[in-house]
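Reproduced below: start_24.cif, with mmCIF, C-alpha atoms (C1' of nucleotides).
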data_run
loop_
_atom_site.label_atom_id
_atom_site.label_comp_id
_atom_site.auth_asym_id
_atom_site.auth_seq_id
_atom_site.Cartn_x
_atom_site.Cartn_y
_atom_site.Cartn_z
CA MET A 1 -19.34 -21.43 5.50
CA LYS A 2 -18.15 -22.78 2.19
CA LEU A 3 -17.76 -20.47 -0.80
CA THR A 4 -18.85 -21.43 -4.29
CA ALA A 5 -16.20 -21.49 -7.01
CA LEU A 6 -17.59 -18.27 -8.42
CA THR A 7 -17.38 -16.35 -5.17
CA GLN A 8 -14.06 -17.93 -4.32
CA SER A 9 -12.43 -16.68 -7.50
CA LEU A 10 -13.66 -13.13 -6.98
CA VAL A 11 -12.60 -13.20 -3.34
CA LEU A 12 -9.09 -14.05 -4.45
CA HIS A 13 -9.12 -11.27 -7.01
CA PHE A 14 -10.37 -8.70 -4.53
CA GLY A 15 -7.65 -9.88 -2.20
CA GLU A 16 -5.00 -9.21 -4.80
CA MET A 17 -6.49 -5.80 -5.54
CA GLY A 18 -6.93 -4.96 -1.89
CA SER A 19 -3.58 -3.31 -1.43
CA ARG A 20 -4.00 -1.23 -4.58
CA TRP A 21 -7.24 0.03 -3.14
CA GLY A 22 -5.61 1.34 -0.01
CA LEU A 23 -6.88 -1.61 2.01
CA ASN A 24 -4.92 -4.85 2.20
CA ARG A 25 -5.38 -8.40 1.05
CA THR A 26 -7.53 -9.59 3.91
CA LEU A 27 -9.69 -6.50 3.89
CA GLY A 28 -10.30 -6.92 0.18
CA GLN A 29 -11.25 -10.56 0.62
CA MET A 30 -13.49 -9.80 3.54
CA TYR A 31 -15.33 -7.14 1.66
CA ALA A 32 -15.77 -9.33 -1.39
CA VAL A 33 -17.40 -12.07 0.62
CA ILE A 34 -19.66 -9.63 2.44
CA VAL A 35 -20.75 -7.90 -0.75
CA LEU A 36 -21.36 -11.10 -2.68
CA THR A 37 -23.29 -12.90 0.02
CA GLU A 38 -26.95 -12.10 0.38
CA GLN A 39 -27.20 -13.08 4.02
CA PRO A 40 -25.60 -11.00 6.76
CA LEU A 41 -22.41 -12.65 8.00
CA ASN A 42 -20.83 -12.91 11.41
CA ALA A 43 -17.14 -12.91 12.24
CA ASP A 44 -16.90 -16.67 12.64
CA GLN A 45 -18.40 -17.29 9.23
CA ILE A 46 -15.97 -14.89 7.61
CA SER A 47 -13.09 -16.43 9.50
CA GLU A 48 -14.06 -19.88 8.26
CA ALA A 49 -14.81 -18.82 4.69
CA LEU A 50 -11.46 -17.08 4.26
CA GLN A 51 -9.42 -19.40 6.49
CA ILE A 52 -8.05 -16.59 8.60
CA SER A 53 -7.94 -16.17 12.34
CA ARG A 54 -10.87 -14.87 14.25
CA SER A 55 -8.80 -11.97 15.60
CA ASN A 56 -7.77 -10.95 12.12
CA VAL A 57 -11.43 -10.76 11.17
CA SER A 58 -12.08 -8.62 14.19
CA MET A 59 -9.40 -6.13 13.15
CA GLY A 60 -10.64 -6.19 9.59
CA LEU A 61 -14.20 -5.47 10.59
CA LYS A 62 -13.01 -2.58 12.71
CA GLU A 63 -11.26 -1.16 9.67
CA LEU A 64 -14.24 -1.70 7.38
CA LYS A 65 -16.41 0.06 9.94
CA SER A 66 -14.02 3.00 9.97
CA TRP A 67 -14.46 3.17 6.20
CA ASN A 68 -18.26 3.07 6.61
CA LEU A 69 -18.34 0.19 4.16
CA ILE A 70 -20.36 -2.25 6.26
CA LYS A 71 -23.52 -2.13 8.28
CA LEU A 72 -24.04 -3.88 11.57
CA GLN A 73 -27.17 -5.96 11.97
CA HIS A 74 -28.57 -7.96 14.81
CA ILE A 75 -30.45 -11.16 14.23
CA PRO A 76 -33.21 -11.84 16.76
CA GLY A 77 -32.26 -14.59 19.17
CA ASP A 78 -28.59 -14.47 18.21
CA ARG A 79 -26.02 -12.55 20.22
CA LYS A 80 -23.48 -12.40 17.45
CA GLU A 81 -22.97 -9.34 15.33
CA TYR A 82 -23.83 -9.68 11.66
CA PHE A 83 -22.65 -7.50 8.83
CA THR A 84 -23.83 -6.57 5.36
CA ALA A 85 -22.70 -4.18 2.66
CA PRO A 86 -25.03 -1.45 1.38
CA GLU A 87 -27.40 -2.84 -1.24
CA ASP A 88 -26.73 0.01 -3.65
CA VAL A 89 -23.33 -0.20 -5.36
CA TRP A 90 -23.49 3.54 -6.02
CA GLU A 91 -23.67 4.05 -2.30
CA ILE A 92 -20.55 1.96 -1.91
CA ALA A 93 -18.74 3.87 -4.64
CA LYS A 94 -19.65 7.22 -3.09
CA THR A 95 -18.43 6.05 0.29
CA LEU A 96 -15.16 4.91 -1.19
CA LEU A 97 -14.75 8.25 -2.93
CA VAL A 98 -15.37 10.20 0.26
CA GLU A 99 -13.19 8.04 2.45
CA ARG A 100 -10.33 8.05 0.02
CA ARG A 101 -10.56 11.80 -0.26
CA LYS A 102 -10.32 12.02 3.51
CA ARG A 103 -7.26 9.82 3.58
CA GLU A 104 -5.53 10.85 0.38
CA LEU A 105 -6.36 14.50 -0.19
CA ASP A 106 -7.33 16.23 3.03
CA PRO A 107 -4.02 15.80 4.85
CA THR A 108 -2.09 17.01 1.84
CA LEU A 109 -4.34 19.99 1.43
CA THR A 110 -3.55 21.03 4.99
CA SER A 111 0.13 20.51 4.41
CA LEU A 112 0.10 22.58 1.21
CA ARG A 113 -1.80 25.34 2.95
CA ASP A 114 0.83 25.45 5.68
CA ALA A 115 3.59 25.62 3.12
CA LEU A 116 1.96 28.61 1.47
CA LEU A 117 2.01 30.53 4.75
CA GLN A 118 5.79 30.27 5.09
CA SER A 119 7.82 33.13 3.79
CA PRO A 120 10.08 31.99 0.96
CA ALA A 121 13.77 31.98 1.86
CA ASN A 122 15.01 32.41 -1.72
CA ASP A 123 14.09 32.06 -5.38
CA ASP A 124 13.90 28.29 -5.18
CA ASP A 125 11.29 28.65 -2.49
CA LYS A 126 9.41 31.16 -4.59
CA TYR A 127 9.23 28.69 -7.44
CA ALA A 128 8.22 25.89 -5.09
CA GLN A 129 5.43 27.98 -3.61
CA GLN A 130 4.12 28.73 -7.06
CA ARG A 131 3.76 25.03 -7.77
CA ILE A 132 2.37 24.41 -4.32
CA LYS A 133 -0.27 27.04 -5.01
CA GLU A 134 -1.27 25.30 -8.22
CA MET A 135 -1.49 21.93 -6.52
CA HIS A 136 -3.43 23.43 -3.68
CA ASP A 137 -5.99 25.07 -5.91
CA LEU A 138 -6.45 21.93 -7.94
CA MET A 139 -6.93 19.75 -4.90
CA GLU A 140 -9.37 22.20 -3.43
CA MET A 141 -11.44 22.07 -6.59
CA ILE A 142 -11.44 18.30 -6.52
CA THR A 143 -12.53 18.40 -2.91
CA VAL A 144 -15.48 20.70 -3.64
CA TRP A 145 -16.41 18.57 -6.59
CA SER A 146 -16.30 15.37 -4.59
CA THR A 147 -18.55 16.90 -1.95
CA GLU A 148 -20.94 17.76 -4.75
CA LEU A 149 -21.01 14.15 -5.95
CA GLN A 150 -21.41 12.94 -2.42
CA ASN A 151 -24.68 14.80 -2.09
CA MET A 152 -26.03 13.67 -5.43
CA SER A 153 -28.62 10.92 -5.71
CA SER A 154 -27.61 7.68 -7.38
CA SER A 155 -29.89 8.36 -10.31
CA LYS A 156 -28.42 11.78 -10.93
CA LEU A 157 -24.91 10.37 -10.61
CA SER A 158 -25.81 7.75 -13.14
CA THR A 159 -27.04 10.42 -15.55
CA LEU A 160 -23.82 12.32 -15.12
CA LEU A 161 -21.66 9.30 -15.72
CA THR A 162 -23.53 8.16 -18.81
CA LEU A 163 -23.24 11.54 -20.44
CA GLY A 164 -20.09 10.46 -22.18
CA SER A 165 -19.11 12.72 -25.00
CA GLY A 166 -22.11 14.92 -24.38
CA LEU A 167 -20.14 16.42 -21.56
CA SER A 168 -18.13 18.82 -23.67
CA LYS A 169 -21.19 20.12 -25.46
CA ILE A 170 -22.91 20.75 -22.20
CA LEU A 171 -19.97 22.64 -20.86
CA ASP A 172 -19.99 24.86 -23.92
CA ALA A 173 -23.63 25.62 -23.28
CA LYS A 174 -23.34 26.05 -19.56
CA ASP A 175 -23.33 29.86 -19.43
CA ARG A 176 -26.59 30.00 -21.27
CA ILE A 177 -28.19 27.47 -18.98
CA LEU A 178 -27.06 28.96 -15.72
CA LYS A 179 -28.45 32.38 -16.53
CA LYS A 180 -32.01 31.15 -16.45
CA MET B 1 21.87 19.15 -3.49
CA LYS B 2 20.54 20.66 -0.30
CA LEU B 3 16.82 21.20 0.14
CA THR B 4 15.35 24.33 1.71
CA ALA B 5 13.25 23.91 4.85
CA LEU B 6 10.12 24.54 2.81
CA THR B 7 10.84 21.84 0.25
CA GLN B 8 12.12 19.50 2.90
CA SER B 9 8.89 19.61 4.86
CA LEU B 10 6.77 18.90 1.80
CA VAL B 11 9.09 16.12 0.71
CA LEU B 12 8.52 14.45 4.06
CA HIS B 13 4.80 14.87 3.77
CA PHE B 14 4.70 13.44 0.25
CA GLY B 15 6.76 10.57 1.55
CA GLU B 16 4.20 9.80 4.21
CA MET B 17 1.38 10.05 1.69
CA GLY B 18 3.25 8.02 -0.90
CA SER B 19 1.89 4.68 0.16
CA ARG B 20 -1.66 5.98 0.30
CA TRP B 21 -1.25 7.10 -3.26
CA GLY B 22 -0.36 3.65 -4.49
CA LEU B 23 3.31 4.55 -4.69
CA ASN B 24 5.58 4.20 -1.66
CA ARG B 25 7.51 6.52 0.60
CA THR B 26 10.56 6.95 -1.59
CA LEU B 27 8.55 7.41 -4.74
CA GLY B 28 6.48 10.09 -3.05
CA GLN B 29 9.59 11.92 -1.86
CA MET B 30 11.25 11.66 -5.21
CA TYR B 31 8.26 13.07 -6.98
CA ALA B 32 7.93 15.92 -4.52
CA VAL B 33 11.50 17.01 -5.06
CA ILE B 34 11.18 16.76 -8.83
CA VAL B 35 7.93 18.71 -8.91
CA LEU B 36 9.10 21.43 -6.55
CA THR B 37 12.46 22.03 -8.17
CA GLU B 38 12.55 24.23 -11.21
CA GLN B 39 15.74 22.75 -12.64
CA PRO B 40 15.79 19.27 -14.12
CA LEU B 41 17.42 16.82 -11.71
CA ASN B 42 19.68 13.84 -12.24
CA ALA B 43 19.76 10.65 -10.24
CA ASP B 44 22.78 11.66 -8.16
CA GLN B 45 21.16 14.89 -7.08
CA ILE B 46 18.01 13.10 -6.02
CA SER B 47 20.03 10.47 -4.22
CA GLU B 48 21.88 13.16 -2.30
CA ALA B 49 18.84 15.32 -1.58
CA LEU B 50 16.85 12.43 -0.14
CA GLN B 51 19.77 10.54 1.38
CA ILE B 52 18.91 7.31 -0.35
CA SER B 53 21.06 4.97 -2.37
CA ARG B 54 21.75 5.60 -6.01
CA SER B 55 20.21 2.23 -6.94
CA ASN B 56 17.02 3.02 -5.10
CA VAL B 57 16.73 6.20 -7.13
CA SER B 58 17.23 4.22 -10.29
CA MET B 59 14.39 1.90 -9.41
CA GLY B 60 12.21 4.80 -8.38
CA LEU B 61 12.80 6.61 -11.64
CA LYS B 62 11.90 3.48 -13.53
CA GLU B 63 8.63 3.35 -11.65
CA LEU B 64 7.88 7.03 -12.18
CA LYS B 65 8.56 6.55 -15.87
CA SER B 66 6.11 3.67 -15.96
CA TRP B 67 3.55 6.03 -14.46
CA ASN B 68 4.35 8.65 -17.12
CA LEU B 69 4.89 11.15 -14.33
CA ILE B 70 8.33 12.39 -15.34
CA LYS B 71 9.98 13.55 -18.51
CA LEU B 72 13.52 12.77 -19.51
CA GLN B 73 15.70 15.66 -20.60
CA HIS B 74 19.25 15.88 -21.83
CA ILE B 75 21.43 18.81 -20.98
CA PRO B 76 23.96 19.69 -23.70
CA GLY B 77 27.46 18.71 -22.73
CA ASP B 78 26.29 16.48 -19.89
CA ARG B 79 25.96 12.76 -20.26
CA LYS B 80 23.66 12.31 -17.30
CA GLU B 81 19.93 11.94 -17.64
CA TYR B 82 17.85 14.74 -16.16
CA PHE B 83 14.20 14.61 -15.18
CA THR B 84 11.38 17.08 -14.75
CA ALA B 85 7.68 16.86 -13.99
CA PRO B 86 5.11 18.27 -16.43
CA GLU B 87 4.69 22.02 -15.92
CA ASP B 88 0.92 21.80 -15.86
CA VAL B 89 -0.48 20.30 -12.65
CA TRP B 90 -3.66 19.41 -14.52
CA GLU B 91 -1.56 17.26 -16.77
CA ILE B 92 -0.14 15.49 -13.73
CA ALA B 93 -3.59 14.99 -12.24
CA LYS B 94 -4.92 13.54 -15.48
CA THR B 95 -1.98 11.18 -15.73
CA LEU B 96 -2.51 10.00 -12.18
CA LEU B 97 -6.18 9.42 -12.89
CA VAL B 98 -5.46 7.38 -15.99
CA GLU B 99 -2.69 5.34 -14.45
CA ARG B 100 -4.64 4.58 -11.35
CA ARG B 101 -7.56 3.49 -13.45
CA LYS B 102 -5.28 1.12 -15.32
CA ARG B 103 -3.99 -0.37 -12.10
CA GLU B 104 -7.07 -0.25 -9.91
CA LEU B 105 -10.04 -0.68 -12.21
CA ASP B 106 -9.09 -2.42 -15.44
CA PRO B 107 -7.97 -5.73 -13.93
CA THR B 108 -11.10 -5.92 -11.81
CA LEU B 109 -13.29 -5.13 -14.77
CA THR B 110 -11.80 -8.10 -16.60
CA SER B 111 -12.27 -10.30 -13.59
CA LEU B 112 -15.91 -9.26 -13.17
CA ARG B 113 -16.58 -9.87 -16.84
CA ASP B 114 -15.17 -13.37 -16.51
CA ALA B 115 -17.35 -14.03 -13.50
CA LEU B 116 -20.44 -13.03 -15.44
CA LEU B 117 -19.69 -15.61 -18.11
CA GLN B 118 -19.76 -18.50 -15.62
CA SER B 119 -23.01 -20.34 -15.24
CA PRO B 120 -24.32 -20.00 -11.70
CA ALA B 121 -24.21 -23.21 -9.68
CA ASN B 122 -27.03 -22.29 -7.31
CA ASP B 123 -29.07 -19.43 -5.91
CA ASP B 124 -26.13 -17.98 -4.03
CA ASP B 125 -24.28 -17.69 -7.30
CA LYS B 126 -27.30 -16.07 -8.90
CA TYR B 127 -27.32 -13.41 -6.23
CA ALA B 128 -23.57 -12.94 -6.50
CA GLN B 129 -23.78 -12.48 -10.26
CA GLN B 130 -26.45 -9.87 -9.82
CA ARG B 131 -24.14 -7.83 -7.63
CA ILE B 132 -21.22 -8.50 -9.92
CA LYS B 133 -23.28 -7.15 -12.80
CA GLU B 134 -23.98 -3.95 -10.88
CA MET B 135 -20.33 -3.48 -9.99
CA HIS B 136 -19.32 -4.21 -13.53
CA ASP B 137 -21.70 -1.67 -15.04
CA LEU B 138 -20.63 0.97 -12.57
CA MET B 139 -16.96 0.43 -13.20
CA GLU B 140 -17.50 0.49 -16.91
CA MET B 141 -19.22 3.85 -16.64
CA ILE B 142 -16.38 5.21 -14.55
CA THR B 143 -13.94 3.95 -17.15
CA VAL B 144 -15.74 5.67 -20.01
CA TRP B 145 -15.99 8.83 -17.97
CA SER B 146 -12.32 8.82 -17.11
CA THR B 147 -11.43 8.42 -20.78
CA GLU B 148 -13.60 11.44 -21.43
CA LEU B 149 -11.73 13.52 -18.87
CA GLN B 150 -8.44 12.29 -20.21
CA ASN B 151 -9.20 13.84 -23.58
CA MET B 152 -10.39 17.12 -22.16
CA SER B 153 -8.22 20.22 -22.21
CA SER B 154 -7.07 21.63 -18.91
CA SER B 155 -9.24 24.69 -19.33
CA LYS B 156 -12.36 22.65 -19.96
CA LEU B 157 -11.55 20.43 -17.02
CA SER B 158 -11.18 23.49 -14.89
CA THR B 159 -14.59 24.75 -16.01
CA LEU B 160 -16.12 21.42 -15.16
CA LEU B 161 -14.58 21.29 -11.72
CA THR B 162 -15.54 24.83 -10.79
CA LEU B 163 -19.15 24.27 -11.71
CA GLY B 164 -19.92 23.31 -8.16
CA SER B 165 -23.60 23.33 -7.39
CA GLY B 166 -24.36 24.40 -10.94
CA LEU B 167 -23.87 20.78 -11.85
CA SER B 168 -27.30 19.57 -10.82
CA LYS B 169 -29.04 22.35 -12.69
CA ILE B 170 -27.12 21.54 -15.79
CA LEU B 171 -28.02 17.90 -15.58
CA ASP B 172 -31.66 18.81 -15.31
CA ALA B 173 -31.34 20.84 -18.47
CA LYS B 174 -29.22 18.37 -20.38
CA ASP B 175 -31.96 16.84 -22.55
CA ARG B 176 -32.85 20.23 -23.88
CA ILE B 177 -29.26 21.06 -24.72
CA LEU B 178 -28.36 17.83 -26.37
CA LYS B 179 -31.27 17.96 -28.75
CA LYS B 180 -29.84 20.93 -30.62
"C1'" DT C 1 36.96 -0.26 -30.83
"C1'" DA C 2 38.51 0.56 -26.15
"C1'" DT C 3 37.50 2.87 -22.08
"C1'" DA C 4 35.34 5.75 -18.96
"C1'" DA C 5 30.84 7.37 -17.37
"C1'" DT C 6 26.41 6.23 -16.24
"C1'" DT C 7 22.45 3.39 -15.47
"C1'" DT C 8 20.31 -0.97 -14.32
"C1'" DT C 9 19.84 -5.39 -12.15
"C1'" DC C 10 19.57 -8.35 -8.39
"C1'" DA C 11 20.54 -11.07 -4.16
"C1'" DG C 12 20.53 -10.40 0.46
"C1'" DA C 13 19.56 -7.24 4.48
"C1'" DA C 14 16.57 -4.05 6.75
"C1'" DA C 15 12.23 -2.17 7.61
"C1'" DT C 16 7.46 -2.34 7.51
"C1'" DT C 17 3.10 -4.44 7.56
"C1'" DA C 18 -0.06 -8.17 8.43
"C1'" DC C 19 -1.47 -12.24 11.12
"C1'" DT C 20 -2.04 -15.35 15.00
"C1'" DG C 21 -3.01 -17.03 19.64
"C1'" DT C 22 -3.77 -15.72 24.10
"C1'" DA C 23 -5.49 -12.93 27.44
"C1'" DA C 24 -8.33 -9.05 28.68
"C1'" DA C 25 -12.53 -6.58 28.11
"C1'" DT C 26 -17.21 -6.21 27.03
"C1'" DT C 27 -21.90 -7.64 26.51
"C1'" DC C 28 -25.94 -9.83 27.70
"C1'" DA C 29 -29.15 -13.49 29.59
"C1'" DG C 30 -30.70 -15.30 33.65
"C1'" DC D 1 -24.81 -9.63 40.05
"C1'" DT D 2 -22.78 -13.82 37.90
"C1'" DG D 3 -20.98 -16.23 34.37
"C1'" DA D 4 -21.09 -17.66 29.63
"C1'" DA D 5 -20.71 -15.85 25.00
"C1'" DT D 6 -18.61 -12.79 22.19
"C1'" DT D 7 -15.56 -9.20 20.77
"C1'" DT D 8 -11.23 -6.66 21.14
"C1'" DA D 9 -6.31 -5.67 22.26
"C1'" DC D 10 -1.78 -6.74 21.88
"C1'" DA D 11 2.81 -9.00 21.96
"C1'" DG D 12 5.33 -11.93 19.29
"C1'" DT D 13 5.95 -14.07 14.77
"C1'" DA D 14 5.44 -14.45 9.86
"C1'" DA D 15 5.14 -12.48 5.42
"C1'" DT D 16 5.84 -8.85 2.41
"C1'" DT D 17 7.87 -4.85 0.75
"C1'" DT D 18 11.55 -1.72 0.34
"C1'" DC D 19 16.42 -0.58 0.24
"C1'" DT D 20 21.38 -1.24 -0.39
"C1'" DG D 21 25.92 -2.39 -2.30
"C1'" DA D 22 28.21 -4.76 -5.70
"C1'" DA D 23 28.42 -6.37 -10.12
"C1'" DA D 24 26.66 -6.40 -14.86
"C1'" DA D 25 24.97 -3.91 -18.72
"C1'" DT D 26 24.55 0.02 -21.46
"C1'" DT D 27 25.87 4.30 -23.47
"C1'" DA D 28 28.77 7.75 -25.30
"C1'" DT D 29 33.28 9.67 -26.33
"C1'" DA D 30 37.83 9.68 -27.98
#
Rewrite the structure of this file - the entire thing - as structure tokens.
Amino acid sequence: MKLTALTQSLVLHFGEMGSRWGLNRTLGQMYAVIVLTEQPLNADQISEALQISRSNVSMGLKELKSWNLIKLQHIPGDRKEYFTAPEDVWEIAKTLLVERRKRELDPTLTSLRDALLQSPANDDDKYAQQRIKEMHDLMEMITVWSTELQNMSSSKLSTLLTLGSGLSKILDAKDRILKK
Amino acid sequence: MKLTALTQSLVLHFGEMGSRWGLNRTLGQMYAVIVLTEQPLNADQISEALQISRSNVSMGLKELKSWNLIKLQHIPGDRKEYFTAPEDVWEIAKTLLVERRKRELDPTLTSLRDALLQSPANDDDKYAQQRIKEMHDLMEMITVWSTELQNMSSSKLSTLLTLGSGLSKILDAKDRILKK
DNA sequence: TATAATTTTCAGAAATTACTGTAAATTCAG
DNA sequence: CTGAATTTACAGTAATTTCTGAAAATTATA
């Protein structure tokens, strides 16, 4: 499979960004080509399009599956496995949010919780635990919030995001609203 | 400087998480020790506490500065440079949000914008541009939103985050509120 | 301005992470 | 059940990233 210049340039960009996104170069490139191609793709096509080994594609697909970023499809009469990305970009964004929370927040939350259960050995520890408590509470709030977003429909999410500067006003009015 | 068992264990954890957070192990450890220690720390103390070379600390501090995560302090009568983290964890969280946006979103937004300006060579390109447009619009919304958060006080942020399931209700009522 | 203290830079070394080819495992049609 | 097609695992290699020590640059004091 040959990529058009347009796709090619974005594939390269996603590759460069890959590592910043907690993936890696190949994973970024693979996802770009899957997202930007209308047809479902199989491993050989991806391997050819990105000029990487078949086995590398296999590992990458495994990883993308573990992120829930791709969907497996079977094409009648073909034994190969084909993959697509969700059609709705909001779906993709929500998945990324959830998966990153799992990887970036959850383990730390556990670790902070453990630290709070220790009895402080001295004043330094007391100070540390104070800060740990603050971090813990903040992260817990973010976790609850992200679960909330996760369960929100794309249209509602879109409303929320487009609120812009209306947000502050709404917050000021919130008590009044919630009483009803 | 010797770390207590409590601090030590969290330093190790932050080290492990470092790379997931777009930093790296050393940066994570350095930030943990700075955040958890009440007193401002100088490079030698950090170097000793984490058992890493003085030059590595220097590079790490440079990076943390570029992230706006630490504040330089001078102690009267001491020529060394001392560093602390912001006292308010919300401040830290906001900074992380902003800096990650700069690194993870902004470059891609530019790249997507460029891609939209190209004229599509064929139907595949047309499809690709459609998806690119969706990604672009989504990322732009997230950008605006994050700017909004950035300018919000900690207390308002806290209100927003603790809303929990009240969020949906509020969104339903938003039109009514914003009219006033 | 000279010198001592401190920080920064940077080339090479060490450690980590990613990639490939081969071989093993799995799946499926007949 | 057999064997061809396909996917996966994994050891070794390649590439990248991180870390160190030494030297250069900067800063502050006398």
Distance of CA of Leu36 in chain A from CA of Thr7 in chain A, expressed in Å to one decimal place: 7.0 Å
Range 26-28 of chain C surroundings by all atoms listed in the file, 10 Å radius, close-in-sequence under 3 positions cut, as a PyMOL selection string: (chain A and resi 79) or (chain D and resi 4-8)
Please, which residues in chain A fall within 12 Å of chain D when counting only C-alpha atoms (C1' of nucleotides), and what is the closest atom pair and distance in Å to one decimal for each, ordered by chain then residue number, as CSV?
residue,atom,partner,partner_atom,distance
A:Ser19,CA,D:DT16,C1',11.6
A:Asn24,CA,D:DT16,C1',11.5
A:Arg25,CA,D:DT16,C1',11.3
A:Asn42,CA,D:DT6,C1',11.0
A:Ala43,CA,D:DT7,C1',9.4
A:Asp44,CA,D:DT6,C1',10.4
A:Arg54,CA,D:DT7,C1',9.8
A:Ser55,CA,D:DT8,C1',8.0
A:Asn56,CA,D:DT8,C1',10.6
A:Val57,CA,D:DT7,C1',10.6
A:Ser58,CA,D:DT8,C1',7.3
A:Met59,CA,D:DT8,C1',8.2
A:Gly60,CA,D:DT8,C1',11.6
A:Leu61,CA,D:DT7,C1',10.9
A:Lys62,CA,D:DT8,C1',9.5
A:Asp78,CA,D:DA5,C1',10.5
A:Arg79,CA,D:DT6,C1',7.7
A:Lys80,CA,D:DT6,C1',6.8
A:Glu81,CA,D:DT6,C1',8.8
Point-to-point distance from CA of Ile52 in chain B to CA of Lys65 in chain B, Å rounded to tenths: 18.7 Å
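Put simply, CA of Thr37 in chain B is 11.7 Å away from CA of Pro86 in chain B.
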Contact set, chain C to chain B: 12 Å, only C-alpha atoms (C1' of nucleotides), as a list in words: DA4, DA5, DT6, DT7, DT8, DT9, DC10, DT16 and DT17 of chain C
If you keep C-alpha atoms, can you output range 60-93 of chain A as a PDB file, in the first residue's frame?
ATOM      1  CA  GLY A  60       2.291  -2.518  17.698  1.00  0.00           C
ATOM      2  CA  LEU A  61      -1.169  -3.871  17.049  1.00  0.00           C
ATOM      3  CA  LYS A  62      -1.043  -5.729  20.329  1.00  0.00           C
ATOM      4  CA  GLU A  63      -0.258  -2.467  22.073  1.00  0.00           C
ATOM      5  CA  LEU A  64      -2.964  -0.533  20.242  1.00  0.00           C
ATOM      6  CA  LYS A  65      -5.426  -3.244  21.215  1.00  0.00           C
ATOM      7  CA  SER A  66      -4.400  -2.901  24.842  1.00  0.00           C
ATOM      8  CA  TRP A  67      -5.187   0.808  24.527  1.00  0.00           C
ATOM      9  CA  ASN A  68      -8.583  -0.017  22.995  1.00  0.00           C
ATOM     10  CA  LEU A  69      -7.730   2.294  20.132  1.00  0.00           C
ATOM     11  CA  ILE A  70      -8.438  -0.102  17.268  1.00  0.00           C
ATOM     12  CA  LYS A  71     -11.208  -2.443  16.315  1.00  0.00           C
ATOM     13  CA  LEU A  72     -10.717  -5.845  14.765  1.00  0.00           C
ATOM     14  CA  GLN A  73     -12.724  -6.658  11.663  1.00  0.00           C
ATOM     15  CA  HIS A  74     -12.978  -9.715   9.514  1.00  0.00           C
ATOM     16  CA  ILE A  75     -13.494  -9.464   5.798  1.00  0.00           C
ATOM     17  CA  PRO A  76     -15.530 -12.308   4.303  1.00  0.00           C
ATOM     18  CA  GLY A  77     -13.376 -14.707   2.333  1.00  0.00           C
ATOM     19  CA  ASP A  78     -10.143 -13.347   3.800  1.00  0.00           C
ATOM     20  CA  ARG A  79      -8.381 -14.993   6.715  1.00  0.00           C
ATOM     21  CA  LYS A  80      -6.348 -11.958   7.619  1.00  0.00           C
ATOM     22  CA  GLU A  81      -7.271  -9.676  10.464  1.00  0.00           C
ATOM     23  CA  TYR A  82      -8.233  -6.143   9.527  1.00  0.00           C
ATOM     24  CA  PHE A  83      -8.245  -3.117  11.767  1.00  0.00           C
ATOM     25  CA  THR A  84      -9.985   0.244  11.883  1.00  0.00           C
ATOM     26  CA  ALA A  85     -10.117   3.145  14.300  1.00  0.00           C
ATOM     27  CA  PRO A  86     -13.433   4.270  15.802  1.00  0.00           C
ATOM     28  CA  GLU A  87     -15.279   6.560  13.394  1.00  0.00           C
ATOM     29  CA  ASP A  88     -15.994   9.144  16.086  1.00  0.00           C
ATOM     30  CA  VAL A  89     -12.946  11.195  17.083  1.00  0.00           C
ATOM     31  CA  TRP A  90     -14.621  11.989  20.400  1.00  0.00           C
ATOM     32  CA  GLU A  91     -14.675   8.293  21.087  1.00  0.00           C
ATOM     33  CA  ILE A  92     -10.957   8.158  20.418  1.00  0.00           C
ATOM     34  CA  ALA A  93     -10.289  11.137  22.659  1.00  0.00           C
TER      35      ALA A  93
END
